[in-house]
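Heads up, query_18.tsv below (TSV, C-alpha atoms and all ligand atoms):
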chain	number	residue	atom	x	y	z
A	1	MET	CA	-20.90	2.57	-20.06
A	2	SER	CA	-19.03	5.20	-21.97
A	3	MET	CA	-18.75	2.59	-24.73
A	4	CYS	CA	-22.55	2.44	-24.85
A	5	ALA	CA	-22.68	6.21	-25.11
A	6	VAL	CA	-20.16	6.18	-27.97
A	7	PHE	CA	-22.16	3.40	-29.62
A	8	GLY	CA	-25.30	5.51	-29.24
A	9	LEU	CA	-23.59	8.53	-30.81
A	10	VAL	CA	-22.04	6.68	-33.74
A	11	TYR	CA	-25.08	4.58	-34.61
A	12	ILE	CA	-27.59	7.21	-33.65
A	13	ASP	CA	-30.00	6.13	-36.40
A	14	THR	CA	-30.04	2.51	-35.32
A	15	PRO	CA	-32.85	1.49	-32.97
A	16	ILE	CA	-30.39	-0.96	-31.34
A	17	ALA	CA	-28.41	2.02	-29.97
A	18	TYR	CA	-31.29	3.01	-27.71
A	19	ALA	CA	-31.66	-0.51	-26.40
A	20	VAL	CA	-27.92	-0.83	-25.67
A	21	GLN	CA	-28.01	2.29	-23.51
A	22	LEU	CA	-30.34	0.50	-21.12
A	23	PHE	CA	-27.20	-1.16	-19.80
A	24	ILE	CA	-26.84	1.95	-17.65
A	25	VAL	CA	-28.76	-0.02	-15.00
A	26	ILE	CA	-25.47	-1.85	-14.39
A	27	GLU	CA	-23.86	1.43	-13.43
A	28	MET	CA	-26.78	2.27	-11.19
A	29	SER	CA	-26.90	-0.98	-9.25
A	30	PRO	CA	-23.96	-2.31	-7.15
A	31	THR	CA	-25.61	-5.76	-7.14
A	32	LEU	CA	-25.59	-5.88	-10.94
A	33	GLN	CA	-21.98	-4.70	-10.96
A	34	ASN	CA	-21.17	-7.75	-8.84
A	35	VAL	CA	-22.97	-9.95	-11.36
A	36	VAL	CA	-20.85	-8.53	-14.18
A	37	ARG	CA	-17.70	-8.79	-12.06
A	38	ALA	CA	-18.47	-12.47	-11.42
A	39	VAL	CA	-17.72	-13.00	-15.13
A	40	THR	CA	-15.02	-10.39	-15.69
A	41	ILE	CA	-12.82	-11.22	-12.66
A	42	PRO	CA	-12.30	-14.92	-13.56
A	43	SER	CA	-12.21	-14.07	-17.30
A	44	ALA	CA	-8.79	-15.72	-17.77
A	45	GLN	CA	-10.01	-18.93	-16.10
A	46	LEU	CA	-13.21	-18.88	-18.16
A	47	LEU	CA	-11.34	-18.28	-21.41
A	48	MET	CA	-8.93	-21.15	-20.70
A	49	SER	CA	-11.86	-23.44	-19.84
A	50	ALA	CA	-13.55	-22.42	-23.11
A	51	LEU	CA	-10.33	-23.18	-24.99
A	52	LEU	CA	-10.12	-26.59	-23.34
A	53	GLY	CA	-13.77	-27.19	-24.28
A	54	LEU	CA	-13.07	-26.28	-27.90
A	55	ILE	CA	-10.10	-28.67	-28.03
A	56	ILE	CA	-12.19	-31.49	-26.54
A	57	ILE	CA	-15.06	-30.86	-29.01
A	58	TYR	CA	-12.55	-30.73	-31.86
A	59	VAL	CA	-11.22	-34.17	-30.85
A	60	PHE	CA	-14.79	-35.52	-30.70
A	61	SER	CA	-15.61	-34.03	-34.12
A	62	LEU	CA	-12.45	-35.62	-35.54
A	63	VAL	CA	-13.49	-39.04	-34.21
A	64	GLY	CA	-17.05	-38.46	-35.45
A	65	PHE	CA	-15.85	-37.31	-38.88
A	66	TYR	CA	-14.06	-40.62	-39.50
A	67	THR	CA	-16.29	-42.99	-37.54
A	68	PHE	CA	-19.89	-41.71	-37.62
A	69	HIS	CA	-19.86	-39.74	-40.87
A	70	SER	CA	-23.15	-41.14	-42.15
A	71	ASP	CA	-24.91	-40.41	-38.82
A	72	MET	CA	-24.49	-36.68	-39.47
A	73	MET	CA	-26.58	-36.77	-42.69
A	74	ASN	CA	-29.21	-34.03	-42.51
A	75	THR	CA	-31.97	-35.41	-44.73
A	76	GLY	CA	-34.19	-32.31	-44.25
A	77	GLN	CA	-31.61	-30.02	-45.87
A	78	ASN	CA	-30.14	-32.83	-47.97
A	79	ILE	CA	-26.60	-32.17	-46.82
A	80	ASN	CA	-24.17	-34.00	-44.56
A	81	GLU	CA	-23.32	-31.84	-41.54
A	82	CYS	CA	-19.81	-33.35	-41.72
A	83	ASN	CA	-19.23	-32.88	-45.44
A	84	THR	CA	-16.01	-31.01	-44.59
A	85	MET	CA	-13.95	-31.09	-41.41
A	86	LEU	CA	-14.65	-27.39	-40.78
A	87	ASN	CA	-18.42	-27.88	-41.11
A	88	CYS	CA	-18.15	-30.91	-38.87
A	89	VAL	CA	-16.41	-28.94	-36.08
A	90	ARG	CA	-18.91	-26.09	-36.49
A	91	SER	CA	-21.85	-28.47	-36.24
A	92	TYR	CA	-20.35	-30.27	-33.22
A	93	ILE	CA	-19.81	-26.98	-31.39
A	94	ARG	CA	-23.27	-25.58	-32.13
A	95	ASN	CA	-25.44	-28.69	-31.94
A	96	GLY	CA	-23.33	-30.50	-29.37
A	97	MET	CA	-23.75	-27.60	-26.94
A	98	LEU	CA	-27.35	-26.67	-27.76
A	99	TYR	CA	-28.86	-30.12	-27.48
A	100	GLY	CA	-29.21	-31.09	-23.82
A	101	GLY	CA	-27.84	-34.60	-24.35
A	102	GLY	CA	-24.84	-33.53	-26.45
A	103	ILE	CA	-24.03	-34.55	-30.01
A	104	GLY	CA	-25.65	-38.00	-29.53
A	105	ASP	CA	-28.94	-36.29	-28.76
A	106	PHE	CA	-28.62	-34.24	-31.97
A	107	MET	CA	-27.81	-37.27	-34.13
A	108	SER	CA	-30.62	-39.39	-32.67
A	109	GLY	CA	-33.30	-36.77	-32.11
A	110	GLU	CA	-32.83	-34.11	-34.79
A	111	LEU	CA	-31.20	-36.11	-37.60
A	112	GLY	CA	-32.99	-39.38	-36.84
A	113	HIS	CA	-29.83	-41.49	-36.80
A	114	ASP	CA	-30.20	-43.44	-33.60
A	115	ALA	CA	-27.63	-46.04	-32.50
A	116	PRO	CA	-28.46	-49.11	-34.65
A	117	LEU	CA	-29.92	-51.87	-32.48
A	118	ASP	CA	-29.26	-54.53	-35.15
A	119	GLN	CA	-25.50	-53.83	-35.32
A	120	ASP	CA	-23.96	-54.70	-31.98
A	121	ASP	CA	-20.51	-53.20	-32.68
A	122	LYS	CA	-21.74	-49.89	-33.98
A	123	TYR	CA	-24.31	-49.66	-31.18
A	124	VAL	CA	-21.58	-50.03	-28.55
A	125	TYR	CA	-19.31	-47.47	-30.30
A	126	ARG	CA	-22.18	-44.94	-30.51
A	127	LEU	CA	-23.06	-45.61	-26.89
A	128	ILE	CA	-19.49	-44.94	-25.74
A	129	PHE	CA	-19.10	-41.93	-28.05
A	130	ASP	CA	-22.43	-40.30	-27.07
A	131	MET	CA	-21.96	-40.92	-23.34
A	132	ALA	CA	-18.36	-39.67	-23.38
A	133	PHE	CA	-19.43	-36.44	-25.12
A	134	PHE	CA	-22.34	-35.97	-22.70
A	135	ILE	CA	-20.29	-36.57	-19.55
A	136	ILE	CA	-17.13	-34.66	-20.53
A	137	VAL	CA	-18.62	-31.67	-22.37
A	138	ILE	CA	-22.14	-31.23	-21.03
A	139	VAL	CA	-21.77	-32.42	-17.44
A	140	LEU	CA	-18.15	-31.67	-16.50
A	141	LEU	CA	-17.04	-28.70	-18.61
A	142	MET	CA	-20.29	-26.76	-18.41
A	143	ASN	CA	-20.46	-27.24	-14.65
A	144	ILE	CA	-16.84	-26.20	-14.21
A	145	VAL	CA	-17.67	-22.94	-16.01
A	146	PHE	CA	-20.83	-22.43	-13.93
A	147	GLY	CA	-18.87	-23.27	-10.77
A	148	ILE	CA	-16.19	-20.66	-11.50
A	149	ILE	CA	-18.84	-17.97	-12.07
A	150	ILE	CA	-20.94	-18.91	-9.02
A	151	ASP	CA	-17.86	-19.14	-6.78
A	152	THR	CA	-16.67	-15.68	-7.78
A	153	PHE	CA	-20.16	-14.27	-7.31
A	154	GLY	CA	-20.38	-15.85	-3.86
A	155	SER	CA	-17.05	-14.44	-2.70
A	156	LEU	CA	-17.93	-11.00	-4.12
A	157	ARG	CA	-21.24	-11.04	-2.27
A	158	GLU	CA	-19.48	-12.12	0.93
A	159	SER	CA	-16.96	-9.28	0.77
A	160	GLU	CA	-19.78	-6.86	-0.09
A	161	ASN	CA	-21.68	-8.03	3.00
A	162	GLU	CA	-18.55	-7.67	5.13
A	163	ARG	CA	-18.04	-4.14	3.84
A	164	HIS	CA	-21.67	-3.32	4.54
A	165	GLU	CA	-21.39	-4.76	8.04
A	166	LEU	CA	-18.27	-2.65	8.67
A	167	MET	CA	-19.98	0.48	7.38
A	168	GLN	CA	-22.91	-0.18	9.71
A	169	SER	CA	-20.89	-0.95	12.82
A	170	ARG	CA	-18.01	1.54	12.61
A	171	CYS	CA	-17.58	5.23	11.88
A	172	PHE	CA	-16.15	5.69	8.37
A	173	ILE	CA	-13.89	8.53	9.49
A	174	CYS	CA	-12.55	7.65	12.94
A	175	GLY	CA	-13.12	3.89	12.82
A	176	LEU	CA	-14.54	3.83	16.37
A	177	SER	CA	-17.18	1.19	16.94
A	178	LYS	CA	-20.90	1.81	17.19
A	179	ASP	CA	-21.03	0.17	20.65
A	180	LEU	CA	-18.66	2.77	22.07
A	181	PHE	CA	-21.00	5.61	21.06
A	182	GLU	CA	-24.05	3.72	22.28
A	183	ASP	CA	-22.34	3.24	25.66
A	184	MET	CA	-21.64	6.97	25.78
A	185	ARG	CA	-25.34	7.65	25.16
A	186	GLN	CA	-26.08	6.26	28.64
A	187	SER	CA	-23.81	8.90	30.15
A	188	GLY	CA	-25.36	11.73	28.14
A	189	GLY	CA	-23.77	11.16	24.69
A	190	ARG	CA	-25.75	11.52	21.47
A	191	GLY	CA	-25.22	8.07	20.07
A	192	PHE	CA	-23.71	6.65	16.91
A	193	SER	CA	-26.16	7.95	14.31
A	194	SER	CA	-25.75	11.59	15.32
A	195	HIS	CA	-21.96	11.05	15.44
A	196	TRP	CA	-21.63	9.95	11.84
A	197	LYS	CA	-24.31	12.36	10.61
A	198	GLU	CA	-23.09	15.49	12.37
A	199	GLU	CA	-19.59	15.05	13.78
A	200	HIS	CA	-17.91	12.72	11.28
A	201	ASN	CA	-19.99	13.12	8.15
A	202	TYR	CA	-17.71	12.04	5.30
A	203	TRP	CA	-19.43	14.42	2.88
A	204	ASN	CA	-18.21	17.32	5.00
A	205	TYR	CA	-14.65	16.09	4.51
A	206	ILE	CA	-15.18	15.96	0.74
A	207	PHE	CA	-16.75	19.41	0.76
A	208	PHE	CA	-13.78	20.69	2.73
A	209	ILE	CA	-11.30	19.27	0.21
A	210	ILE	CA	-13.25	20.89	-2.65
A	211	TYR	CA	-13.34	24.15	-0.68
A	212	LEU	CA	-9.53	23.99	-0.32
A	213	GLU	CA	-9.15	23.33	-4.04
A	214	LYS	CA	-11.29	26.35	-4.88
A	215	LYS	CA	-9.66	28.68	-2.34
A	216	ASP	CA	-6.66	30.80	-3.23
A	217	THR	CA	-3.58	29.21	-1.62
A	218	SER	CA	-2.35	32.60	-0.35
A	219	GLU	CA	-5.49	32.87	1.76
A	220	TYR	CA	-5.04	29.58	3.59
A	221	ASN	CA	-4.76	29.65	7.37
A	222	GLY	CA	-2.38	27.33	9.21
A	223	ALA	CA	-4.69	24.34	9.46
A	224	GLU	CA	-5.87	24.73	5.87
A	225	SER	CA	-2.38	24.82	4.41
A	226	TYR	CA	-1.42	21.76	6.49
A	227	ILE	CA	-4.45	19.81	5.26
A	228	ALA	CA	-3.94	21.00	1.66
A	229	ASP	CA	-0.37	19.65	1.86
A	230	CYS	CA	-1.63	16.34	3.27
A	231	VAL	CA	-4.23	16.04	0.49
A	232	LYS	CA	-1.60	16.84	-2.13
A	233	ASN	CA	0.74	14.14	-0.75
A	234	GLU	CA	-2.14	11.64	-0.34
A	235	ASP	CA	-1.45	11.60	3.41
A	236	ILE	CA	-4.52	10.82	5.56
A	237	GLY	CA	-2.82	11.88	8.79
A	238	TRP	CA	-5.16	14.89	9.12
A	239	ILE	CA	-8.26	12.66	9.35
A	240	PRO	CA	-9.06	11.76	13.00
A	241	ASP	CA	-8.15	8.13	13.50
A	242	GLY	CA	-9.51	6.50	16.66
A	243	ILE	CA	-10.51	9.82	18.23
A	244	ALA	CA	-13.79	11.73	18.32
A	245	LEU	CA	-15.19	14.74	20.15
A	246	ALA	CA	-18.09	12.62	21.38
A	247	ILE	CA	-15.69	10.40	23.30
A	248	PRO	CA	-14.39	12.60	26.13
A	249	ARG	CA	-10.62	12.76	26.21
A	250	VAL	CA	-10.68	13.46	30.00
A	251	ASP	CA	-12.08	10.03	30.64
A	252	GLU	CA	-9.46	8.54	28.42
A	253	GLU	CA	-6.74	10.35	30.38
A	254	LYS	CA	-8.30	9.21	33.64
A	255	MET	CA	-8.46	5.65	32.42
A	256	ARG	CA	-4.83	5.80	31.36
A	257	GLU	CA	-3.84	7.19	34.78
A	258	GLU	CA	-5.81	4.47	36.54
A	259	ARG	CA	-4.19	1.84	34.35
A	260	MET	CA	-0.72	3.26	35.13
A	261	GLU	CA	-1.51	3.26	38.85
A	262	ALA	CA	-2.67	-0.33	38.72
A	263	MET	CA	0.51	-1.24	36.88
A	264	PHE	CA	2.68	0.48	39.52
A	265	ARG	CA	0.77	-1.27	42.30
A	266	GLN	CA	1.34	-4.59	40.59
A	267	LEU	CA	5.03	-3.82	40.17
A	268	GLU	CA	5.37	-2.86	43.84
A	269	PHE	CA	3.58	-6.00	44.93
A	270	ASN	CA	5.81	-8.06	42.67
A	271	SER	CA	8.98	-6.46	44.06
A	272	LEU	CA	7.75	-7.02	47.64
A	273	ASN	CA	7.02	-10.59	46.84
A	274	SER	CA	10.40	-11.03	45.29
A	275	SER	CA	12.23	-9.54	48.35
A	276	GLU	CA	10.25	-11.90	50.57
A	277	ASP	CA	11.24	-14.74	48.30
A	278	ILE	CA	14.90	-13.75	48.51
A	279	ASN	CA	14.74	-13.56	52.33
A	280	SER	CA	13.19	-17.00	52.63
A	281	GLU	CA	15.76	-18.39	50.19
A	282	LEU	CA	18.59	-16.89	52.26
A	283	ALA	CA	17.10	-18.31	55.47
A	284	LYS	CA	16.94	-21.74	53.86
A	285	MET	CA	20.57	-21.46	52.71
A	286	ASN	CA	21.59	-20.34	56.22
A	287	LYS	CA	19.91	-23.35	57.76
A	288	GLY	CA	21.63	-25.63	55.28
A	289	ILE	CA	25.05	-24.15	56.03
A	290	THR	CA	24.51	-24.43	59.82
A	291	LYS	CA	23.57	-28.09	59.39
A	292	GLN	CA	26.67	-28.72	57.31
A	293	ILE	CA	28.93	-27.00	59.90
A	294	GLU	CA	27.39	-29.10	62.69
A	295	GLY	CA	28.01	-32.23	60.62
A	296	LEU	CA	31.65	-31.21	60.07
A	297	ARG	CA	32.10	-30.48	63.77
A	298	ARG	CA	30.76	-33.93	64.63
A	299	LYS	CA	33.15	-35.53	62.14
A	300	VAL	CA	36.14	-33.60	63.57
A	301	THR	CA	35.21	-34.69	67.14
A	302	LYS	CA	34.97	-38.29	65.96
A	303	LEU	CA	38.35	-38.07	64.22
A	304	LYS	CA	39.93	-36.69	67.39
A	305	SER	CA	38.55	-39.53	69.51
A	306	ASP	CA	39.77	-42.06	66.89
A	307	GLN	CA	43.24	-40.52	67.03
A	308	LYS	CA	43.32	-40.74	70.84
A	309	ARG	CA	42.27	-44.39	70.68
A	310	LEU	CA	45.03	-45.14	68.14
A	311	MET	CA	47.66	-43.43	70.31
A	312	ARG	CA	46.60	-45.55	73.25
A	313	THR	CA	46.79	-48.72	71.19
A	314	VAL	CA	50.33	-47.83	70.03
A	315	GLU	CA	51.45	-47.19	73.62
A	316	ASP	CA	50.01	-50.58	74.73
A	317	LEU	CA	52.06	-52.46	72.08
A	318	PRO	CA	55.03	-54.73	73.32
A	319	SER	CA	58.38	-52.86	73.61
A	320	GLY	CA	60.29	-55.21	71.10
A	321	ASN	CA	57.93	-54.36	68.32
A	322	LYS	CA	58.30	-50.73	69.20
A	323	LYS	CA	62.11	-50.99	68.99
A	324	GLY	CA	62.03	-52.94	65.70
A	325	LYS	CA	59.88	-50.31	64.24
A	326	ASN	CA	62.20	-47.59	65.51
A	327	GLY	CA	65.22	-49.52	64.14
A	328	ALA	CA	63.62	-49.82	60.73
A	329	ASN	CA	62.93	-46.15	60.83
A	330	GLU	CA	66.57	-45.45	61.64
A	401	ZN	ZN	-16.14	9.03	13.86
Could you spell out this file's structure in structure tokens?
Amino acid sequence: MSMCAVFGLVYIDTPIAYAVQLFIVIEMSPTLQNVVRAVTIPSAQLLMSALLGLIIIYVFSLVGFYTFHSDMMNTGQNINECNTMLNCVRSYIRNGMLYGGGIGDFMSGELGHDAPLDQDDKYVYRLIFDMAFFIIVIVLLMNIVFGIIIDTFGSLRESENERHELMQSRCFICGLSKDLFEDMRQSGGRGFSSHWKEEHNYWNYIFFIIYLEKKDTSEYNGAESYIADCVKNEDIGWIPDGIALAIPRVDEEKMREERMEAMFRQLEFNSLNSSEDINSELAKMNKGITKQIEGLRRKVTKLKSDQKRLMRTVEDLPSGNKKGKNGANE
């Protein structure tokens, strides 16, 4: 915009200068700024696409220069549009882009050199050449460029809408949601609109910063010098974040206390449960051990009776065998 102003000052006598300054509407309208941004943000992509387009058209003009030289004869101006390579490229860029059907449309419609029906070969070559130019340059490249611009515009509009939605549903200063203030209205609060107009009006914050800038630093009170320091260091710690006078702190405290109480109750319950669990586990283990001891006792009793039976069997054995055994032992 400042460029327009400079233009207006330098070329003050030119009527164009006055017209150019009408571009101030861009500065006045956020929607128009988005339109301009839709072209400036993807400028690198657009420039590279344009470069690719130029290269492709140059290749087509080169083919046309050698193959369809006579088809570029402009009989109205009595000059061949492709008399030099440079003129040929120039003509391909201008006429190839301006005529809806590409360079083939220009050759057939404007210059009157349609694909010759009586020469099969040349007809096919022209058909391929004209269609290739139309599809690659007019259909693909142009739509890629449009697509890039429309895509950027769409995403810009989306983020703008999101920002708008956020501005509508949350306080700019404290970030608390509109619903919270509307809930408070039922218990005597003044609602969201009076909150952001009277309590957290961002203009008041700006006015206060300007007031601090204008005030002599030696006359600051404690709060003012703290905030002036914060502003100087670009620290936003002095701006209320998540707190507001309209939302009573007492309730918050109460809620916190209640939450803590509930937590303690839960903890107590959990510990009780766990002690009960331990007791039942111990009882189970006890039962298991008792069973095992009983089993062992039974086994010992059985072993004892087996031993007695064996002793009796040994005593009942014939005396010779007994002696032999004793002799072997000796
Ligand atoms: Zn607020």
Could you list, as an MDAnalysis selection string, all the residues within 12 Å of ligand ZN 401 (chain A), counting all atoms listed in the file? chainID A and resid 167 169:178 180:181 191:202 205 239:247
As an exercise, work out the distance from atom CA of A:Thr152 to atom CA of A:Ala38 in Å and give it to one decimal place.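 Computing the Euclidean distance for atom CA of A:Thr152 and atom CA of A:Ala38 yields 5.2 Å.
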Pick out the closest residue to A:Glu160 from this set: A:Gln77, A:Pro30, A:Val231, A:Val25. Count only C-alpha atoms.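 Using only C-alpha atoms, A:Glu160 sits closest to A:Pro30.
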Quick one: residues within 12 Å of A:Val63, all atoms listed in the file, excluding same-chain residues fewer than 5 positions away - as a VMD selection string? chain A and resid 56 to 58 68 to 69 82 85 88 to 89 92 125 to 126 128 to 130 132 to 133
Using only C-alpha atoms, the residue out of A:Met285, A:Val39, A:Leu166, A:Leu51 with shortest distance to A:Phe146 is A:Val39
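Non-sequential neighbours of A:Ile148 (distance at most 8 Å, separation of 4 or more positions within a chain, all atoms listed in the file) are Pro42, Gln45, Leu46, Ile144 and Thr152 of chain A.
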For the residues in that selection, give me C-alpha atoms as a short mmCIF file (atom, residue, chain, number, x, y, z; two decimals), in the coordinates of the input.
data_model
loop_
_atom_site.label_atom_id
_atom_site.label_comp_id
_atom_site.auth_asym_id
_atom_site.auth_seq_id
_atom_site.Cartn_x
_atom_site.Cartn_y
_atom_site.Cartn_z
CA PRO A 42 -12.30 -14.92 -13.56
CA GLN A 45 -10.01 -18.93 -16.10
CA LEU A 46 -13.21 -18.88 -18.16
CA ILE A 144 -16.84 -26.20 -14.21
CA THR A 152 -16.67 -15.68 -7.78
#
Stretch 20-83 of chain A dumped to file, C-alpha atoms, as an mmCIF file, in the first residue's frame:
data_model
loop_
_atom_site.group_PDB
_atom_site.id
_atom_site.type_symbol
_atom_site.label_atom_id
_atom_site.label_comp_id
_atom_site.auth_asym_id
_atom_site.auth_seq_id
_atom_site.Cartn_x
_atom_site.Cartn_y
_atom_site.Cartn_z
ATOM 1 C CA VAL A 20 -3.737 2.679 -8.436
ATOM 2 C CA GLN A 21 -4.516 4.128 -5.013
ATOM 3 C CA LEU A 22 -7.892 2.428 -5.126
ATOM 4 C CA PHE A 23 -6.008 -0.707 -4.138
ATOM 5 C CA ILE A 24 -6.380 0.574 -0.577
ATOM 6 C CA VAL A 25 -9.559 -1.547 -0.476
ATOM 7 C CA ILE A 26 -7.209 -4.531 -0.058
ATOM 8 C CA GLU A 27 -5.911 -3.011 3.154
ATOM 9 C CA MET A 28 -9.442 -2.343 4.329
ATOM 10 C CA SER A 29 -10.856 -5.804 3.729
ATOM 11 C CA PRO A 30 -9.479 -8.975 5.417
ATOM 12 C CA THR A 31 -11.301 -11.084 2.807
ATOM 13 C CA LEU A 32 -9.446 -9.343 -0.024
ATOM 14 C CA GLN A 33 -6.183 -9.751 1.860
ATOM 15 C CA ASN A 34 -6.850 -13.492 1.831
ATOM 16 C CA VAL A 35 -7.432 -13.337 -1.921
ATOM 17 C CA VAL A 36 -4.070 -11.633 -2.416
ATOM 18 C CA ARG A 37 -2.398 -14.054 0.001
ATOM 19 C CA ALA A 38 -3.794 -16.982 -2.005
ATOM 20 C CA VAL A 39 -1.399 -15.876 -4.774
ATOM 21 C CA THR A 40 1.515 -14.559 -2.716
ATOM 22 C CA ILE A 41 1.845 -17.514 -0.298
ATOM 23 C CA PRO A 42 2.322 -20.191 -3.014
ATOM 24 C CA SER A 43 4.315 -17.740 -5.181
ATOM 25 C CA ALA A 44 7.321 -20.095 -5.392
ATOM 26 C CA GLN A 45 5.085 -22.980 -6.523
ATOM 27 C CA LEU A 46 3.323 -20.737 -9.035
ATOM 28 C CA LEU A 47 6.596 -19.385 -10.420
ATOM 29 C CA MET A 48 8.011 -22.897 -10.849
ATOM 30 C CA SER A 49 4.792 -24.028 -12.567
ATOM 31 C CA ALA A 50 5.031 -21.000 -14.886
ATOM 32 C CA LEU A 51 8.657 -21.887 -15.649
ATOM 33 C CA LEU A 52 7.644 -25.464 -16.439
ATOM 34 C CA GLY A 53 4.873 -24.108 -18.683
ATOM 35 C CA LEU A 54 7.349 -21.896 -20.530
ATOM 36 C CA ILE A 55 9.713 -24.833 -21.092
ATOM 37 C CA ILE A 56 6.858 -26.999 -22.403
ATOM 38 C CA ILE A 57 5.648 -24.219 -24.763
ATOM 39 C CA TYR A 58 9.226 -23.677 -25.927
ATOM 40 C CA VAL A 59 9.496 -27.383 -26.826
ATOM 41 C CA PHE A 60 6.178 -27.177 -28.714
ATOM 42 C CA SER A 61 7.291 -24.038 -30.567
ATOM 43 C CA LEU A 62 10.542 -25.789 -31.518
ATOM 44 C CA VAL A 63 8.611 -28.743 -32.960
ATOM 45 C CA GLY A 64 6.199 -26.338 -34.680
ATOM 46 C CA PHE A 65 9.034 -24.225 -36.081
ATOM 47 C CA TYR A 66 10.512 -27.203 -37.941
ATOM 48 C CA THR A 67 7.356 -29.186 -38.686
ATOM 49 C CA PHE A 68 4.418 -26.788 -39.151
ATOM 50 C CA HIS A 69 6.256 -23.661 -40.313
ATOM 51 C CA SER A 70 3.865 -22.905 -43.171
ATOM 52 C CA ASP A 71 0.800 -23.292 -40.889
ATOM 53 C CA MET A 72 1.908 -20.194 -38.976
ATOM 54 C CA MET A 73 1.647 -17.914 -42.049
ATOM 55 C CA ASN A 74 -0.411 -14.846 -41.130
ATOM 56 C CA THR A 75 -1.877 -13.819 -44.483
ATOM 57 C CA GLY A 76 -3.682 -10.780 -42.994
ATOM 58 C CA GLN A 77 -0.396 -9.150 -41.936
ATOM 59 C CA ASN A 78 1.581 -10.903 -44.681
ATOM 60 C CA ILE A 79 4.164 -12.270 -42.282
ATOM 61 C CA ASN A 80 4.961 -15.724 -40.942
ATOM 62 C CA GLU A 81 4.475 -15.804 -37.167
ATOM 63 C CA CYS A 82 7.425 -18.228 -37.055
ATOM 64 C CA ASN A 83 9.797 -16.262 -39.281
#
